[in-house]
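Novice: Here you go, this is input.cif (mmCIF, C-alpha atoms).
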```cif
data_upload
#
loop_
_atom_site.label_atom_id
_atom_site.label_comp_id
_atom_site.auth_asym_id
_atom_site.auth_seq_id
_atom_site.Cartn_x
_atom_site.Cartn_y
_atom_site.Cartn_z
CA MET A 151 -15.37 -32.91 17.28
CA LEU A 152 -18.53 -31.39 18.74
CA VAL A 153 -20.56 -34.24 17.23
CA ALA A 154 -18.18 -36.75 18.84
CA ALA A 155 -18.45 -34.97 22.20
CA LEU A 156 -22.25 -34.88 22.04
CA GLY A 157 -22.32 -38.57 21.13
CA ALA A 158 -20.02 -39.39 24.06
CA GLY A 159 -22.28 -37.43 26.40
CA LEU A 160 -25.33 -39.34 25.20
CA ALA A 161 -23.46 -42.64 25.57
CA TRP A 162 -22.51 -41.76 29.14
CA THR A 163 -26.14 -40.86 29.89
CA MET A 164 -27.30 -44.21 28.52
CA HIS A 165 -24.78 -45.95 30.75
CA LEU A 166 -26.03 -44.08 33.83
CA LEU A 167 -29.62 -45.03 33.02
CA LEU A 168 -28.72 -48.61 32.04
CA PRO A 169 -25.49 -49.58 33.88
CA ALA A 170 -25.33 -52.92 32.04
CA VAL A 171 -24.66 -51.03 28.79
CA PRO A 172 -20.96 -50.02 28.64
CA VAL A 173 -20.10 -46.54 27.42
CA PRO A 174 -18.01 -47.81 24.43
CA THR A 175 -20.88 -49.98 23.20
CA ALA A 176 -23.38 -47.14 23.45
CA ALA A 177 -20.94 -44.77 21.72
CA VAL A 178 -20.38 -47.14 18.78
CA VAL A 179 -24.13 -47.68 18.35
CA LEU A 180 -24.84 -43.93 18.47
CA GLY A 181 -22.12 -43.26 15.91
CA MET A 182 -23.55 -45.92 13.59
CA ALA A 183 -27.07 -44.55 14.03
CA ALA A 184 -25.98 -40.98 13.27
CA ALA A 185 -24.29 -42.13 10.05
CA HIS A 186 -27.51 -43.75 8.79
CA LEU A 187 -30.35 -41.52 10.03
CA PRO A 188 -31.70 -39.35 7.19
CA GLY A 189 -31.61 -36.14 9.23
CA LEU A 190 -28.00 -36.57 10.36
CA ARG A 191 -26.41 -38.67 7.62
CA ALA A 192 -25.39 -35.76 5.38
CA THR A 193 -23.72 -33.87 8.23
CA VAL A 194 -21.95 -36.90 9.70
CA ARG A 195 -20.61 -38.03 6.33
CA GLY A 196 -19.88 -34.49 5.13
CA ARG A 197 -18.94 -31.49 7.27
CA ALA A 198 -18.38 -33.52 10.45
CA ARG A 199 -16.26 -36.23 8.81
CA PRO A 200 -12.78 -34.66 9.42
CA GLY A 201 -13.44 -34.18 13.12
CA LEU A 202 -14.95 -37.64 13.56
CA THR A 203 -11.96 -39.19 11.80
CA LEU A 204 -9.64 -37.23 14.08
CA ALA A 205 -11.57 -38.47 17.13
CA GLY A 206 -11.39 -42.08 15.97
CA LYS A 207 -7.61 -41.94 15.58
CA ARG A 208 -5.93 -39.24 17.68
CA LEU A 209 -8.26 -39.30 20.68
CA MET A 210 -7.99 -43.08 20.74
CA ARG A 211 -4.21 -42.81 21.09
CA ILE A 212 -4.45 -40.19 23.84
CA GLY A 213 -6.96 -42.35 25.70
CA ILE A 214 -4.61 -45.33 25.58
CA VAL A 215 -1.80 -43.19 27.02
CA VAL A 216 -4.04 -42.10 29.92
CA LEU A 217 -5.05 -45.73 30.46
CA GLY A 218 -1.52 -46.34 31.76
CA LEU A 219 -2.36 -44.39 34.92
CA GLN A 220 -4.64 -47.24 35.99
CA LEU A 221 -1.65 -49.57 36.32
CA SER A 222 0.77 -49.89 39.22
CA LEU A 223 3.61 -52.38 38.84
CA LYS A 224 3.73 -52.98 42.59
CA ASP A 225 0.09 -54.08 42.74
CA VAL A 226 0.28 -56.23 39.62
CA LEU A 227 3.52 -57.99 40.59
CA GLY A 228 2.09 -58.62 44.05
CA LEU A 229 -0.13 -61.32 42.58
CA GLY A 230 2.86 -63.63 42.21
CA TRP A 231 4.54 -65.51 39.39
CA ALA A 232 1.98 -68.32 39.29
CA THR A 233 -0.84 -65.89 38.56
CA ALA A 234 1.35 -64.01 36.07
CA GLY A 235 2.00 -67.26 34.22
CA MET A 236 -1.70 -68.08 34.24
CA VAL A 237 -2.60 -64.69 32.77
CA LEU A 238 0.07 -64.99 30.10
CA CYS A 239 -1.24 -68.44 29.09
CA VAL A 240 -4.84 -67.18 28.96
CA VAL A 241 -3.86 -64.20 26.82
CA ALA A 242 -1.75 -66.31 24.44
CA ALA A 243 -4.35 -69.07 24.05
CA THR A 244 -7.18 -66.59 23.48
CA PHE A 245 -5.22 -64.44 21.05
CA TRP A 246 -3.89 -67.20 18.83
CA GLY A 247 -7.05 -69.32 19.08
CA THR A 248 -9.33 -66.43 18.10
CA THR A 249 -7.05 -65.28 15.29
CA TRP A 250 -6.92 -68.80 13.84
CA LEU A 251 -10.68 -69.23 14.16
CA GLY A 252 -11.40 -65.88 12.53
CA ARG A 253 -9.20 -66.77 9.56
CA ARG A 254 -10.86 -70.17 9.23
CA MET A 255 -14.30 -68.54 9.33
CA GLY A 256 -13.30 -66.17 6.54
CA LEU A 257 -13.70 -62.89 8.39
CA ARG A 258 -12.73 -59.88 6.32
CA GLY A 259 -9.63 -57.72 6.65
CA ASP A 260 -8.11 -57.35 10.10
CA GLN A 261 -11.21 -58.49 11.99
CA PRO A 262 -9.64 -61.76 13.25
CA LEU A 263 -6.63 -59.91 14.65
CA LEU A 264 -8.69 -57.09 16.18
CA ILE A 265 -11.27 -59.39 17.79
CA ALA A 266 -8.49 -61.57 19.19
CA THR A 267 -6.81 -58.48 20.64
CA GLY A 268 -9.98 -57.22 22.28
CA TYR A 269 -10.82 -60.57 23.84
CA SER A 270 -7.35 -61.32 25.12
CA ILE A 271 -6.30 -57.91 26.51
CA CYS A 272 -8.76 -55.14 27.36
CA GLY A 273 -11.59 -54.74 24.89
CA ALA A 274 -12.00 -51.54 22.90
CA SER A 275 -8.77 -49.93 24.16
CA ALA A 276 -6.66 -52.84 22.93
CA ILE A 277 -8.45 -52.91 19.58
CA GLY A 278 -7.77 -49.22 19.17
CA ALA A 279 -4.09 -49.64 20.03
CA VAL A 280 -3.46 -52.46 17.56
CA SER A 281 -5.53 -50.79 14.82
CA GLN A 282 -3.20 -47.77 14.98
CA VAL A 283 -0.29 -50.06 14.08
CA THR A 284 -2.09 -52.06 11.39
CA SER A 285 -3.93 -49.06 9.84
CA SER A 286 -7.05 -51.21 9.84
CA ASP A 287 -10.24 -50.34 8.01
CA GLU A 288 -12.64 -48.31 10.16
CA GLU A 289 -15.50 -50.75 9.60
CA ASP A 290 -13.35 -53.65 10.81
CA ILE A 291 -12.47 -51.68 13.95
CA ALA A 292 -16.06 -50.71 14.72
CA ALA A 293 -17.42 -54.22 14.12
CA SER A 294 -14.73 -55.72 16.37
CA VAL A 295 -15.40 -53.20 19.15
CA ALA A 296 -19.14 -53.81 18.99
CA LEU A 297 -18.71 -57.58 19.22
CA VAL A 298 -16.20 -57.53 22.07
CA THR A 299 -18.18 -55.05 24.15
CA LEU A 300 -21.40 -57.01 23.56
CA CYS A 301 -19.87 -60.25 24.83
CA GLY A 302 -18.32 -58.43 27.76
CA THR A 303 -21.74 -57.05 28.62
CA LEU A 304 -23.26 -60.51 28.51
CA ALA A 305 -20.57 -61.69 30.93
CA ILE A 306 -21.91 -59.26 33.55
CA GLY A 307 -25.10 -61.30 33.70
CA VAL A 308 -23.81 -64.79 32.95
CA LEU A 309 -20.67 -65.19 35.07
CA PRO A 310 -22.30 -64.48 38.47
CA LEU A 311 -24.80 -67.24 37.72
CA LEU A 312 -21.87 -69.69 37.36
CA HIS A 313 -20.07 -68.59 40.54
CA HIS A 314 -21.31 -71.33 42.86
CA PRO A 315 -22.26 -74.03 40.30
CA LEU A 316 -18.60 -74.10 39.19
CA GLY A 317 -17.43 -74.52 42.79
CA LEU A 318 -15.50 -71.24 42.99
CA ASP A 319 -14.92 -69.33 46.22
CA ASP A 320 -14.94 -65.53 46.17
CA VAL A 321 -11.21 -65.14 45.47
CA GLN A 322 -11.30 -67.70 42.67
CA PHE A 323 -14.36 -66.07 41.14
CA GLY A 324 -12.64 -62.68 41.23
CA ARG A 325 -9.57 -64.00 39.45
CA TRP A 326 -11.70 -65.86 36.91
CA THR A 327 -13.58 -62.64 36.18
CA GLY A 328 -10.37 -60.62 35.83
CA ALA A 329 -8.86 -63.22 33.50
CA SER A 330 -11.88 -63.68 31.24
CA VAL A 331 -13.92 -60.45 31.02
CA HIS A 332 -12.75 -57.89 28.47
CA ASP A 333 -13.24 -54.29 29.65
CA VAL A 334 -12.13 -53.00 33.07
CA GLY A 335 -15.58 -51.55 33.78
CA GLN A 336 -17.22 -54.86 32.91
CA VAL A 337 -14.81 -56.66 35.23
CA VAL A 338 -15.82 -54.38 38.11
CA ALA A 339 -19.53 -54.81 37.41
CA THR A 340 -19.19 -58.61 37.30
CA ALA A 341 -16.84 -59.15 40.25
CA GLN A 342 -18.60 -56.86 42.70
CA THR A 343 -21.50 -59.32 42.86
CA ALA A 344 -19.24 -61.61 44.95
CA GLY A 345 -18.03 -58.95 47.40
CA PRO A 346 -14.92 -56.83 48.00
CA ALA A 347 -12.44 -59.73 48.09
CA ALA A 348 -13.52 -60.88 44.64
CA LEU A 349 -13.50 -57.33 43.31
CA GLY A 350 -9.94 -56.64 44.46
CA GLU A 351 -8.58 -59.83 42.94
CA ALA A 352 -10.50 -59.27 39.70
CA VAL A 353 -9.14 -55.76 39.17
CA LEU A 354 -5.54 -56.80 39.83
CA VAL A 355 -5.70 -59.76 37.44
CA LYS A 356 -7.38 -57.58 34.83
CA LEU A 357 -4.69 -54.91 35.14
CA MET A 358 -2.07 -57.60 34.65
CA ARG A 359 -3.73 -58.37 31.32
CA VAL A 360 -3.74 -54.66 30.45
CA ALA A 361 0.00 -54.56 31.15
CA LEU A 362 0.48 -56.97 28.24
CA LEU A 363 -0.90 -54.39 25.79
CA ALA A 364 2.51 -52.88 25.01
CA PRO A 365 4.25 -56.24 24.32
CA LEU A 366 1.34 -57.29 22.11
CA VAL A 367 1.46 -54.09 20.05
CA ALA A 368 5.23 -54.46 19.67
CA THR A 369 4.81 -58.08 18.54
CA VAL A 370 2.18 -57.13 15.96
CA ALA A 371 4.36 -54.29 14.65
CA TYR A 372 7.40 -56.59 14.41
CA THR A 373 5.37 -59.24 12.57
CA LEU A 374 4.04 -56.68 10.09
CA ARG A 375 7.53 -55.36 9.45
CA ARG A 376 8.85 -58.86 8.75
CA GLN A 377 5.92 -59.67 6.44
CA ARG A 378 6.39 -56.48 4.47
CA THR A 379 10.13 -57.02 4.22
CA ALA A 380 9.62 -60.58 3.02
CA ALA A 381 7.11 -59.39 0.43
CA GLY A 382 9.52 -56.73 -0.79
CA THR A 383 7.14 -53.87 0.01
CA ALA A 384 6.29 -51.63 2.93
CA GLY A 385 2.60 -51.73 2.07
CA SER A 386 0.58 -49.04 0.37
CA ARG A 387 0.03 -46.89 3.47
CA ALA A 388 3.58 -47.20 4.78
CA ALA A 389 5.02 -46.60 1.34
CA ALA A 390 2.98 -43.46 0.99
CA SER A 391 4.31 -42.09 4.24
CA GLY A 392 7.87 -43.25 3.64
CA ARG A 393 8.18 -44.67 7.14
CA ARG A 394 8.62 -48.14 8.53
CA THR A 395 6.21 -49.47 11.12
CA PRO A 396 7.74 -48.60 14.53
CA LEU A 397 8.09 -51.48 16.97
CA LEU A 398 6.77 -49.27 19.77
CA PRO A 399 4.60 -46.40 18.52
CA LEU A 400 4.75 -43.12 20.40
CA PHE A 401 1.37 -43.65 22.10
CA VAL A 402 2.55 -47.02 23.48
CA LEU A 403 5.67 -45.37 24.87
CA GLY A 404 3.35 -42.84 26.49
CA PHE A 405 1.29 -45.69 27.93
CA LEU A 406 4.44 -47.20 29.48
CA ALA A 407 5.50 -43.79 30.81
CA MET A 408 2.14 -43.37 32.56
CA ILE A 409 2.56 -46.79 34.18
CA ALA A 410 5.93 -45.64 35.51
CA VAL A 411 4.42 -42.42 36.85
CA ARG A 412 1.58 -44.28 38.58
CA SER A 413 4.06 -46.75 40.08
CA THR A 414 5.95 -43.94 41.83
CA GLY A 415 2.93 -43.22 44.01
CA VAL A 416 3.30 -39.45 43.65
CA LEU A 417 -0.13 -38.88 42.12
CA PRO A 418 -2.97 -38.37 44.63
CA ALA A 419 -6.24 -40.28 44.36
CA PRO A 420 -8.27 -37.32 43.00
CA VAL A 421 -5.85 -36.96 40.08
CA LEU A 422 -6.08 -40.67 39.30
CA ASP A 423 -9.87 -40.54 39.46
CA ALA A 424 -9.95 -37.56 37.11
CA ALA A 425 -7.59 -39.36 34.71
CA GLN A 426 -9.88 -42.39 34.66
CA GLN A 427 -12.88 -40.22 33.81
CA ALA A 428 -10.87 -38.46 31.09
CA GLN A 429 -9.80 -41.79 29.61
CA GLN A 430 -13.40 -42.96 29.44
CA LEU A 431 -14.48 -39.70 27.77
CA LEU A 432 -11.69 -39.86 25.19
CA LEU A 433 -12.49 -43.49 24.42
CA ALA A 434 -16.21 -42.70 24.09
CA MET A 435 -15.52 -39.89 21.61
CA ALA A 436 -13.22 -42.19 19.64
CA MET A 437 -15.92 -44.87 19.54
CA VAL A 438 -18.47 -42.36 18.21
CA GLY A 439 -16.02 -41.50 15.44
CA LEU A 440 -15.41 -45.14 14.58
CA GLY A 441 -19.10 -46.01 14.67
CA SER A 442 -19.91 -43.20 12.25
CA MET A 443 -17.63 -44.85 9.66
CA VAL A 444 -19.55 -48.13 9.60
CA ASN A 445 -21.59 -49.10 6.55
CA LEU A 446 -24.37 -51.36 7.83
CA PRO A 447 -25.04 -53.25 4.55
CA THR A 448 -21.37 -54.23 4.38
CA LEU A 449 -21.32 -55.20 8.05
CA ALA A 450 -24.46 -57.32 7.68
CA ARG A 451 -22.82 -59.54 5.08
CA THR A 452 -20.30 -60.84 7.64
CA GLY A 453 -22.49 -60.52 10.74
CA PRO A 454 -23.33 -64.22 11.38
CA ARG A 455 -19.70 -65.31 10.99
CA VAL A 456 -18.47 -62.51 13.26
CA ALA A 457 -21.06 -63.49 15.88
CA ALA A 458 -20.02 -67.14 15.70
CA VAL A 459 -16.35 -66.26 16.19
CA GLY A 460 -17.27 -64.03 19.12
CA LEU A 461 -19.32 -66.72 20.87
CA ILE A 462 -16.68 -69.44 20.44
CA SER A 463 -13.90 -67.11 21.58
CA TRP A 464 -15.95 -66.10 24.62
CA ILE A 465 -16.28 -69.75 25.59
CA LEU A 466 -12.56 -70.28 24.92
CA ILE A 467 -11.32 -67.53 27.22
CA ALA A 468 -13.80 -68.50 29.95
CA ALA A 469 -12.70 -72.14 29.84
CA VAL A 470 -8.96 -71.48 29.71
CA SER A 471 -9.09 -68.92 32.51
CA TYR A 472 -11.27 -71.21 34.66
CA ALA A 473 -8.70 -73.98 34.32
CA GLY A 474 -5.91 -71.54 35.10
CA VAL A 475 -7.60 -70.29 38.25
CA LEU A 476 -8.16 -73.83 39.54
CA LEU A 477 -4.48 -74.61 39.01
CA THR A 478 -3.08 -71.47 40.64
CA VAL A 479 -5.41 -70.57 43.54
#
```
Mind turning this structure into structure tokens?
Specialist:
Amino acid sequence: MLVAALGAGLAWTMHLLLPAVPVPTAAVVLGMAAAHLPGLRATVRGRARPGLTLAGKRLMRIGIVVLGLQLSLKDVLGLGWATAGMVLCVVAATFWGTTWLGRRMGLRGDQPLLIATGYSICGASAIGAVSQVTSSDEEDIAASVALVTLCGTLAIGVLPLLHHPLGLDDVQFGRWTGASVHDVGQVVATAQTAGPAALGEAVLVKLMRVALLAPLVATVAYTLRRQRTAAGTAGSRAAASGRRTPLLPLFVLGFLAMIAVRSTGVLPAPVLDAAQQAQQLLLAMAMVGLGSMVNLPTLARTGPRVAAVGLISWILIAAVSYAGVLLTV
């Protein structure tokens, strides 16, 4: 756990020095580097392994619960039904389109599902949430997080350049950013280039996407349960534990409970700010743990296909959300 905390601290420092580099991306890279450097490899893969595994799983779940405090139902519903429908269409098109593309491109394991989740909802947090239900391989999780955060980082530089050429006013640009960029921090960094009006709209639209995390996790869990029932097995991991996949895991219920608490308005701003910092720290430690589980030779064999899926999916969500904004604003 100390190794994960040190890695998270270094990732945060990198982000402060280079704001364009998100903390989750830096944390994954540092975890991967630690697992392959000769001086650290033995420790990371030996004595530190139990704590890093704990960080990659348990701290990820706690971070997702705390993420719920960023959501207020009043603010999200204030955008109106037209915007809600637009966001739902963007999420559905991106999720199913990316999953189909990943399968067609022959990506390994759960990578198509995880990449689709990260693109359509909220980046690394969404990937972590779904991976807890699917019991995905750690390398698939880390590769998916790295790809999604990389494309989200590129959006910080690319989308502002398209603001005026695409004929968008500030409000439209904000909603386009919120509907198409993956991580909340990346949304803020991109939208603030167009001023406070764009930033406010971007954050609200983005939080509406985050609110769809719980229904998506429940849908994935329900689909897995049906597949295992049809196959006559509960799967090797589920069979070993003797439990069925819950439709709403405990950490998702906690996420929903935090949304309800935030919606009451009883928590003061300093508490909410502290919760946001804690969520980022927990996620960074989890990303260090996941990154340390990556085997680079294995990852390199699927690298070009993963990159191709990421680029096409990035174009897909940008195009669908652009059309949705033009139709609703």
Novice: Measuring atom to atom with all atoms listed in the file, identify which of A:Pro346, A:Gly328, A:Gly453, A:Pro174 is nearest to Met210 of chain A.
Specialist: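 Among the listed residues, the smallest separation from Met210 of chain A belongs to A:Pro174.
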Novice: Of the residues A:Leu406, A:Leu349, A:Ala158, A:Val321, which is the one nearest to Gly439 of chain A, using all atoms listed in the file?
Specialist: A:Ala158
Novice: Please write as a ChimeraX atom specification the full residue list that the PyMOL selection byres ((chain A and resi 286-300) around 6) yields on this file.
Specialist: /A:175,261,265,274,281,284-285,301-303,440-441,444
Novice: Can you work out the spacing between atom CA of Lys356 of chain A and atom CA of Asp320 of chain A in Å, to one decimal?
Specialist: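 Computed distance, atom CA of Lys356 of chain A to atom CA of Asp320 of chain A, equals 15.8 Å.
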Novice: Quick one: pull the distance between atom CA of Ala341 of chain A and atom CA of Gly273 of chain A, Å, one decimal.
Specialist: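 According to the coordinates, atom CA of Ala341 of chain A and atom CA of Gly273 of chain A are separated by 16.8 Å.
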Novice: Determine the residue set returned by the PyMOL selection byres ((chain A and resi 153) around 12) for the present structure, and present it as a PyMOL selection string.
Specialist: chain A and resi 151-152+154-160+177+180-181+184-185+190+193-195+197-205+434-439+442
Novice: For a quick check of understanding, using all atoms listed in the file, which of A:Ile467, A:Leu432, A:Thr414, A:Met358 has the smallest distance to Gly228 of chain A?
Specialist: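 So, comparing all the options, the nearest one is A:Met358.
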Novice: Go through A:Ala361, A:Leu304, A:Leu311, A:Leu318 one by one, measure the shortest atom-to-atom distance of each to Ala410 of chain A using all atoms listed in the file, and give the residue with the smallest value.
Specialist: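 Of all the options, A:Ala361 lies closest to Ala410 of chain A.
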Novice: What's the 12 Å shell around Ala473 of chain A, counting only C-alpha atoms, without same-chain residues fewer than 5 positions away, as a list in words?
Specialist: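 Near Ala473 of chain A, the qualifying residues are Met236, Val237, Cys239, Val240, Leu316, Leu318, Gln322, Phe323, Arg325, Trp326, Ala329, Ser330, Leu466, Ile467, Ala468, Thr478 and Val479 of chain A.
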Novice: Quick one: pull the distance between atom CA of Tyr269 of chain A and atom CA of Ile462 of chain A, Å, one decimal.
Specialist: 11.2 Å
Novice: Convert the output of the PyMOL selection byres ((chain A and resi 220) around 12) on the shown file into explicit residues, formatted as a VMD selection string.
Specialist: chain A and resid 213 to 219 221 to 223 225 to 226 334 to 335 353 to 354 356 to 358 360 to 361 405 to 413 415 417 419 421 to 430
Novice: Have a look at A:Leu433, A:Leu168, A:Ala176, A:Arg376 and name the one nearest to Ser275 of chain A; count all atoms listed in the file.
Specialist: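 The shortest atom-to-atom distance to Ser275 of chain A comes from A:Leu433.
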Novice: Check the smallest atom-to-atom distance from each of A:Leu400, A:Val475, A:Val241, A:Val280 to Asp260 of chain A using all atoms listed in the file, then report the winner.
Specialist: A:Val280
Novice: Output segment 311-322 of chain A as a PDB file, in the frame of the given file, making sure N, CA, C and O atoms are there.
Specialist:
```pdb
ATOM      1  N   LEU A 311     -23.942 -66.066  37.621  1.00  0.00           N
ATOM      2  CA  LEU A 311     -24.800 -67.240  37.720  1.00  0.00           C
ATOM      3  C   LEU A 311     -23.993 -68.535  37.820  1.00  0.00           C
ATOM      4  O   LEU A 311     -24.487 -69.545  38.329  1.00  0.00           O
ATOM      5  N   LEU A 312     -22.724 -68.500  37.348  1.00  0.00           N
ATOM      6  CA  LEU A 312     -21.870 -69.690  37.360  1.00  0.00           C
ATOM      7  C   LEU A 312     -20.934 -69.726  38.558  1.00  0.00           C
ATOM      8  O   LEU A 312     -20.184 -70.688  38.721  1.00  0.00           O
ATOM      9  N   HIS A 313     -20.977 -68.706  39.398  1.00  0.00           N
ATOM     10  CA  HIS A 313     -20.070 -68.590  40.540  1.00  0.00           C
ATOM     11  C   HIS A 313     -20.080 -69.850  41.407  1.00  0.00           C
ATOM     12  O   HIS A 313     -19.070 -70.546  41.560  1.00  0.00           O
ATOM     13  N   HIS A 314     -21.210 -70.173  41.960  1.00  0.00           N
ATOM     14  CA  HIS A 314     -21.310 -71.330  42.860  1.00  0.00           C
ATOM     15  C   HIS A 314     -21.446 -72.671  42.133  1.00  0.00           C
ATOM     16  O   HIS A 314     -20.862 -73.665  42.578  1.00  0.00           O
ATOM     17  N   PRO A 315     -22.204 -72.743  41.022  1.00  0.00           N
ATOM     18  CA  PRO A 315     -22.260 -74.030  40.300  1.00  0.00           C
ATOM     19  C   PRO A 315     -20.899 -74.556  39.866  1.00  0.00           C
ATOM     20  O   PRO A 315     -20.703 -75.774  39.783  1.00  0.00           O
ATOM     21  N   LEU A 316     -19.939 -73.661  39.596  1.00  0.00           N
ATOM     22  CA  LEU A 316     -18.600 -74.100  39.190  1.00  0.00           C
ATOM     23  C   LEU A 316     -17.682 -74.359  40.378  1.00  0.00           C
ATOM     24  O   LEU A 316     -16.512 -74.706  40.202  1.00  0.00           O
ATOM     25  N   GLY A 317     -18.210 -74.208  41.592  1.00  0.00           N
ATOM     26  CA  GLY A 317     -17.430 -74.520  42.790  1.00  0.00           C
ATOM     27  C   GLY A 317     -16.329 -73.526  43.102  1.00  0.00           C
ATOM     28  O   GLY A 317     -15.305 -73.898  43.687  1.00  0.00           O
ATOM     29  N   LEU A 318     -16.511 -72.263  42.761  1.00  0.00           N
ATOM     30  CA  LEU A 318     -15.500 -71.240  42.990  1.00  0.00           C
ATOM     31  C   LEU A 318     -15.781 -70.480  44.278  1.00  0.00           C
ATOM     32  O   LEU A 318     -16.930 -70.092  44.535  1.00  0.00           O
ATOM     33  N   ASP A 319     -14.729 -70.234  45.084  1.00  0.00           N
ATOM     34  CA  ASP A 319     -14.920 -69.330  46.220  1.00  0.00           C
ATOM     35  C   ASP A 319     -14.800 -67.901  45.701  1.00  0.00           C
ATOM     36  O   ASP A 319     -14.592 -67.659  44.507  1.00  0.00           O
ATOM     37  N   ASP A 320     -14.908 -66.921  46.611  1.00  0.00           N
ATOM     38  CA  ASP A 320     -14.940 -65.530  46.170  1.00  0.00           C
ATOM     39  C   ASP A 320     -13.639 -65.101  45.498  1.00  0.00           C
ATOM     40  O   ASP A 320     -13.645 -64.397  44.474  1.00  0.00           O
ATOM     41  N   VAL A 321     -12.498 -65.503  46.054  1.00  0.00           N
ATOM     42  CA  VAL A 321     -11.210 -65.140  45.470  1.00  0.00           C
ATOM     43  C   VAL A 321     -11.044 -65.771  44.090  1.00  0.00           C
ATOM     44  O   VAL A 321     -10.618 -65.111  43.129  1.00  0.00           O
ATOM     45  N   GLN A 322     -11.396 -67.028  43.969  1.00  0.00           N
ATOM     46  CA  GLN A 322     -11.300 -67.700  42.670  1.00  0.00           C
ATOM     47  C   GLN A 322     -12.217 -67.049  41.645  1.00  0.00           C
ATOM     48  O   GLN A 322     -11.835 -66.864  40.478  1.00  0.00           O
TER      49      GLN A 322
END
```
